[in-house]
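Peer 1: Structure incoming, see below.
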Amino acid sequence: MNKRSLFVLLTLIIAASMILSACAPAATEAPVVTEAPATEAPTEAPVATEAPVAIGSPEHPIKVLFVPSVDANIITTGGEVMAAALNEATGLTFEVTVPTSYAATIEEMCASPADTMAFIPGLGYAIASQLCGVDVAFKAIRFGYPVYWAEYIVARDSEFQTLADLEGATWGYGDQGSTSGYMVPFVEMTEAGITPGEQLQTGGHNQTVTAVYNGEVDFGTVFYSVPLSPEGKPIFSYDDYLAGGITTLEQYEIPAEAIPNCAPDTEGKKLFCDGYRVLDARANIRVEAPDVMQKVRILAVSSAIPNDTLSFGPDFPADVRAQIEEALVAFAATEAWGTSIGSADFYGWSGIAPATDAEYDMVRAMVEATGYTLPE
């Protein structure tokens, strides 16, 4: 092979190599491991919030509390009459409740400040207003009286004649949170230096009268309301009382000559003595003890006590409260009132009147003087 041919051959080999190199895949760098792109954490789906349930709706009824000063069945039945009347007038829903004690009633009002209303005595109101701001709306009127009293009762044939005779005697009372049933008598006996003996908490005014009637206690303390004359009027007026004209025990009681003739009416709804109607706690057991007046007498009557209240929880809605107050005033003017809280077997409220907080300052002073606190 001549030199020229060799040169041509080498040139062709080089050219072919270059062509093959150009066609071969290019070398690639090893892939670099990279972190996955950051993604936002999934957000929780928004929680659906329910609209607040309106107070007074069927889902959130207004609690109407009644202290257990008389038979709970009577309170519940009469309370339902009131609840129905208020519902018809306002469209609001009410739930009648009778707590187990005065203290439990106050506790419930403070624990549920926005949806409770309660019929509570002056002592209960005075304490509740200081504890959590419970506010009074109305006070009871009983046959024209904005006040009532406590009475000390004993067996008619007992030897007790004065409060001083009760030294060491067995005392029956309904509840330590009862103004007339316990607190006022406690203060009066303490101030008089009288120390009772054994004490029996009966659970209510009716039970206290029954305890005296059965001889289970020497004396009891219950509420007193002025009897009605055969003409249907109180045997003495509130003006006469304020003027100091009522000074003897005989003026508080029906005439002695009428006592032997005391008996319930034919329907058992009222207790009459020759036309005089008994309105104090003794009348409440007239059915089971028709001769209660012949067996139980009044030993003494206390100083006047501001009447019971209708009060509202401290956070009760003002607009709802206004509706209820208007409806209650209207209800008090109906005959149905007499089958509810106006019944003598219930609380015996013949009507209601606006009340102010200041009217119960004397009760607060009594609480402070005695150091009384609610039982746990």
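Residue numbering restarts at 1 in every chain; chains get A, B, ... in the order shown in the structure tokens, and ligands count up from 1 in that same order.
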Just list the residues in stretch 112-231 of chain A DSSP gives helix (DSSP H, G or I) on the backbone, as a PyMOL selection string.
Peer 2: chain A and resi 122-132+163-166+179-191+205-213
Peer 1: Keeping only N, CA and C atoms, take the residues you just selected and write them out as a compact mmCIF listing (two decimals), in the first residue's frame.
Peer 2:
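Result written to out.txt:
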# COMPACT_ATOMS: atom_id res chain seq x y z
N GLY A 122 -88.07 36.70 102.51
CA GLY A 122 -87.17 37.83 102.68
C GLY A 122 -85.77 37.45 103.07
N LEU A 123 -85.63 36.46 103.96
CA LEU A 123 -84.29 36.03 104.37
C LEU A 123 -83.53 35.46 103.19
N GLY A 124 -84.19 34.60 102.44
CA GLY A 124 -83.54 34.02 101.27
C GLY A 124 -83.11 35.07 100.28
N TYR A 125 -83.98 36.06 100.07
CA TYR A 125 -83.63 37.13 99.13
C TYR A 125 -82.44 37.94 99.66
N ALA A 126 -82.47 38.30 100.94
CA ALA A 126 -81.38 39.11 101.50
C ALA A 126 -80.04 38.41 101.34
N ILE A 127 -80.02 37.11 101.56
CA ILE A 127 -78.77 36.36 101.43
C ILE A 127 -78.37 36.23 99.96
N ALA A 128 -79.33 35.89 99.11
CA ALA A 128 -79.02 35.69 97.69
C ALA A 128 -78.56 36.98 97.02
N SER A 129 -79.13 38.10 97.43
CA SER A 129 -78.71 39.37 96.83
C SER A 129 -77.27 39.70 97.19
N GLN A 130 -76.86 39.32 98.40
CA GLN A 130 -75.48 39.57 98.81
C GLN A 130 -74.51 38.57 98.20
N LEU A 131 -74.97 37.33 98.05
CA LEU A 131 -74.09 36.30 97.51
C LEU A 131 -73.77 36.51 96.03
N CYS A 132 -74.81 36.81 95.25
CA CYS A 132 -74.56 36.85 93.80
C CYS A 132 -75.37 37.90 93.06
N LEU A 163 -93.32 33.34 126.29
CA LEU A 163 -92.10 32.89 125.63
C LEU A 163 -91.07 32.39 126.64
N ALA A 164 -91.03 33.02 127.79
CA ALA A 164 -90.05 32.61 128.81
C ALA A 164 -90.26 31.16 129.22
N ASP A 165 -91.48 30.66 129.11
CA ASP A 165 -91.77 29.27 129.49
C ASP A 165 -91.13 28.27 128.54
N LEU A 166 -90.64 28.74 127.38
CA LEU A 166 -90.06 27.83 126.39
C LEU A 166 -88.62 27.46 126.69
N THR A 179 -87.61 32.31 107.11
CA THR A 179 -87.64 33.54 107.89
C THR A 179 -88.55 33.41 109.09
N SER A 180 -89.81 33.06 108.84
CA SER A 180 -90.76 32.96 109.94
C SER A 180 -90.64 31.65 110.70
N GLY A 181 -90.23 30.60 109.99
CA GLY A 181 -90.15 29.29 110.63
C GLY A 181 -88.96 29.13 111.54
N TYR A 182 -87.90 29.93 111.30
CA TYR A 182 -86.70 29.74 112.13
C TYR A 182 -85.99 31.04 112.52
N MET A 183 -85.62 31.85 111.50
CA MET A 183 -84.71 32.95 111.78
C MET A 183 -85.28 33.99 112.75
N VAL A 184 -86.47 34.48 112.50
CA VAL A 184 -87.05 35.48 113.39
C VAL A 184 -87.26 34.92 114.80
N PRO A 185 -87.84 33.73 114.94
CA PRO A 185 -87.94 33.18 116.30
C PRO A 185 -86.59 32.98 116.97
N PHE A 186 -85.60 32.54 116.20
CA PHE A 186 -84.26 32.34 116.77
C PHE A 186 -83.71 33.65 117.33
N VAL A 187 -83.84 34.72 116.54
CA VAL A 187 -83.34 36.02 117.00
C VAL A 187 -84.10 36.50 118.23
N GLU A 188 -85.43 36.38 118.18
CA GLU A 188 -86.23 36.87 119.30
C GLU A 188 -85.94 36.08 120.58
N MET A 189 -85.81 34.77 120.47
CA MET A 189 -85.52 34.00 121.67
C MET A 189 -84.11 34.28 122.19
N THR A 190 -83.18 34.48 121.27
CA THR A 190 -81.81 34.80 121.69
C THR A 190 -81.78 36.13 122.43
N GLU A 191 -82.46 37.12 121.88
CA GLU A 191 -82.50 38.44 122.52
C GLU A 191 -83.19 38.38 123.89
N HIS A 205 -93.69 24.13 107.14
CA HIS A 205 -94.66 24.66 108.10
C HIS A 205 -95.73 23.62 108.43
N ASN A 206 -96.26 22.95 107.40
CA ASN A 206 -97.29 21.95 107.65
C ASN A 206 -96.81 20.87 108.61
N GLN A 207 -95.59 20.41 108.37
CA GLN A 207 -95.04 19.35 109.20
C GLN A 207 -94.80 19.82 110.63
N THR A 208 -94.47 21.12 110.78
CA THR A 208 -94.27 21.65 112.13
C THR A 208 -95.58 21.68 112.91
N VAL A 209 -96.66 22.13 112.24
CA VAL A 209 -97.97 22.13 112.91
C VAL A 209 -98.35 20.70 113.29
N THR A 210 -98.10 19.77 112.38
CA THR A 210 -98.41 18.37 112.66
C THR A 210 -97.62 17.85 113.85
N ALA A 211 -96.35 18.27 113.95
CA ALA A 211 -95.51 17.82 115.06
C ALA A 211 -96.06 18.32 116.40
N VAL A 212 -96.54 19.57 116.43
CA VAL A 212 -97.15 20.10 117.66
C VAL A 212 -98.46 19.37 117.93
N TYR A 213 -99.26 19.19 116.90
CA TYR A 213 -100.56 18.52 117.03
C TYR A 213 -100.38 17.11 117.60
Peer 1: Write out as JSON lines a residue-level contact list of stretch 97-191 of chain A versus stretch 218-240 of chain A with cut-off 8 Å: for each qualifying residue the closest pair of atoms and the distance in Å to one decimal, counting only C-alpha atoms, rows sorted by chain and residue number upward.
Peer 2:
{"residue": "A:Arg142", "atom": "CA", "partner": "A:Ser225", "partner_atom": "CA", "distance": 7.8}
{"residue": "A:Phe143", "atom": "CA", "partner": "A:Pro234", "partner_atom": "CA", "distance": 7.1}
{"residue": "A:Gly144", "atom": "CA", "partner": "A:Tyr238", "partner_atom": "CA", "distance": 7.6}
{"residue": "A:Tyr145", "atom": "CA", "partner": "A:Tyr238", "partner_atom": "CA", "distance": 6.3}
{"residue": "A:Tyr148", "atom": "CA", "partner": "A:Ser225", "partner_atom": "CA", "distance": 5.9}
{"residue": "A:Trp149", "atom": "CA", "partner": "A:Tyr224", "partner_atom": "CA", "distance": 5.0}
{"residue": "A:Ala150", "atom": "CA", "partner": "A:Phe223", "partner_atom": "CA", "distance": 4.6}
{"residue": "A:Glu151", "atom": "CA", "partner": "A:Tyr224", "partner_atom": "CA", "distance": 5.5}
{"residue": "A:Tyr152", "atom": "CA", "partner": "A:Thr221", "partner_atom": "CA", "distance": 4.7}
{"residue": "A:Ile153", "atom": "CA", "partner": "A:Gly220", "partner_atom": "CA", "distance": 5.3}
{"residue": "A:Val154", "atom": "CA", "partner": "A:Phe219", "partner_atom": "CA", "distance": 4.7}
{"residue": "A:Ala155", "atom": "CA", "partner": "A:Asp218", "partner_atom": "CA", "distance": 7.5}
{"residue": "A:Leu166", "atom": "CA", "partner": "A:Phe219", "partner_atom": "CA", "distance": 7.8}
{"residue": "A:Ala169", "atom": "CA", "partner": "A:Asp218", "partner_atom": "CA", "distance": 5.8}
{"residue": "A:Thr170", "atom": "CA", "partner": "A:Asp218", "partner_atom": "CA", "distance": 5.0}
{"residue": "A:Trp171", "atom": "CA", "partner": "A:Phe219", "partner_atom": "CA", "distance": 5.3}
{"residue": "A:Gly172", "atom": "CA", "partner": "A:Gly220", "partner_atom": "CA", "distance": 4.5}
{"residue": "A:Tyr173", "atom": "CA", "partner": "A:Thr221", "partner_atom": "CA", "distance": 5.6}
{"residue": "A:Gly174", "atom": "CA", "partner": "A:Val222", "partner_atom": "CA", "distance": 7.7}
{"residue": "A:Ser180", "atom": "CA", "partner": "A:Phe223", "partner_atom": "CA", "distance": 5.4}
{"residue": "A:Gly181", "atom": "CA", "partner": "A:Val222", "partner_atom": "CA", "distance": 4.5}
{"residue": "A:Tyr182", "atom": "CA", "partner": "A:Thr221", "partner_atom": "CA", "distance": 6.7}
{"residue": "A:Pro185", "atom": "CA", "partner": "A:Thr221", "partner_atom": "CA", "distance": 7.0}
Peer 1: How many Å separate atom CA of A:Ala330 from atom CA of A:Glu59?
Peer 2: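 Spanning atom CA of A:Ala330 to atom CA of A:Glu59 is a straight-line distance of 26.0 Å.
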Peer 1: Smallest atom-to-atom distance to A:Val136: which of A:Val367, A:Val53, A:Ile120, A:Leu374, using only C-alpha atoms?
Peer 2: A:Ile120
Peer 1: Grab the atom CA of A:Ile55 to atom CA of A:Phe316 distance for me, in Å with one decimal place.
Peer 2: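 Between atom CA of A:Ile55 and atom CA of A:Phe316 the gap is 9.1 Å.
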Peer 1: Which of these, A:Glu325, A:Leu271, A:Asp135, A:Val96, has the shortest distance to A:Cys110 once you count only C-alpha atoms?
Peer 2: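 Going through A:Glu325, A:Leu271, A:Asp135, A:Val96 one by one, the smallest distance to A:Cys110 is for A:Asp135.
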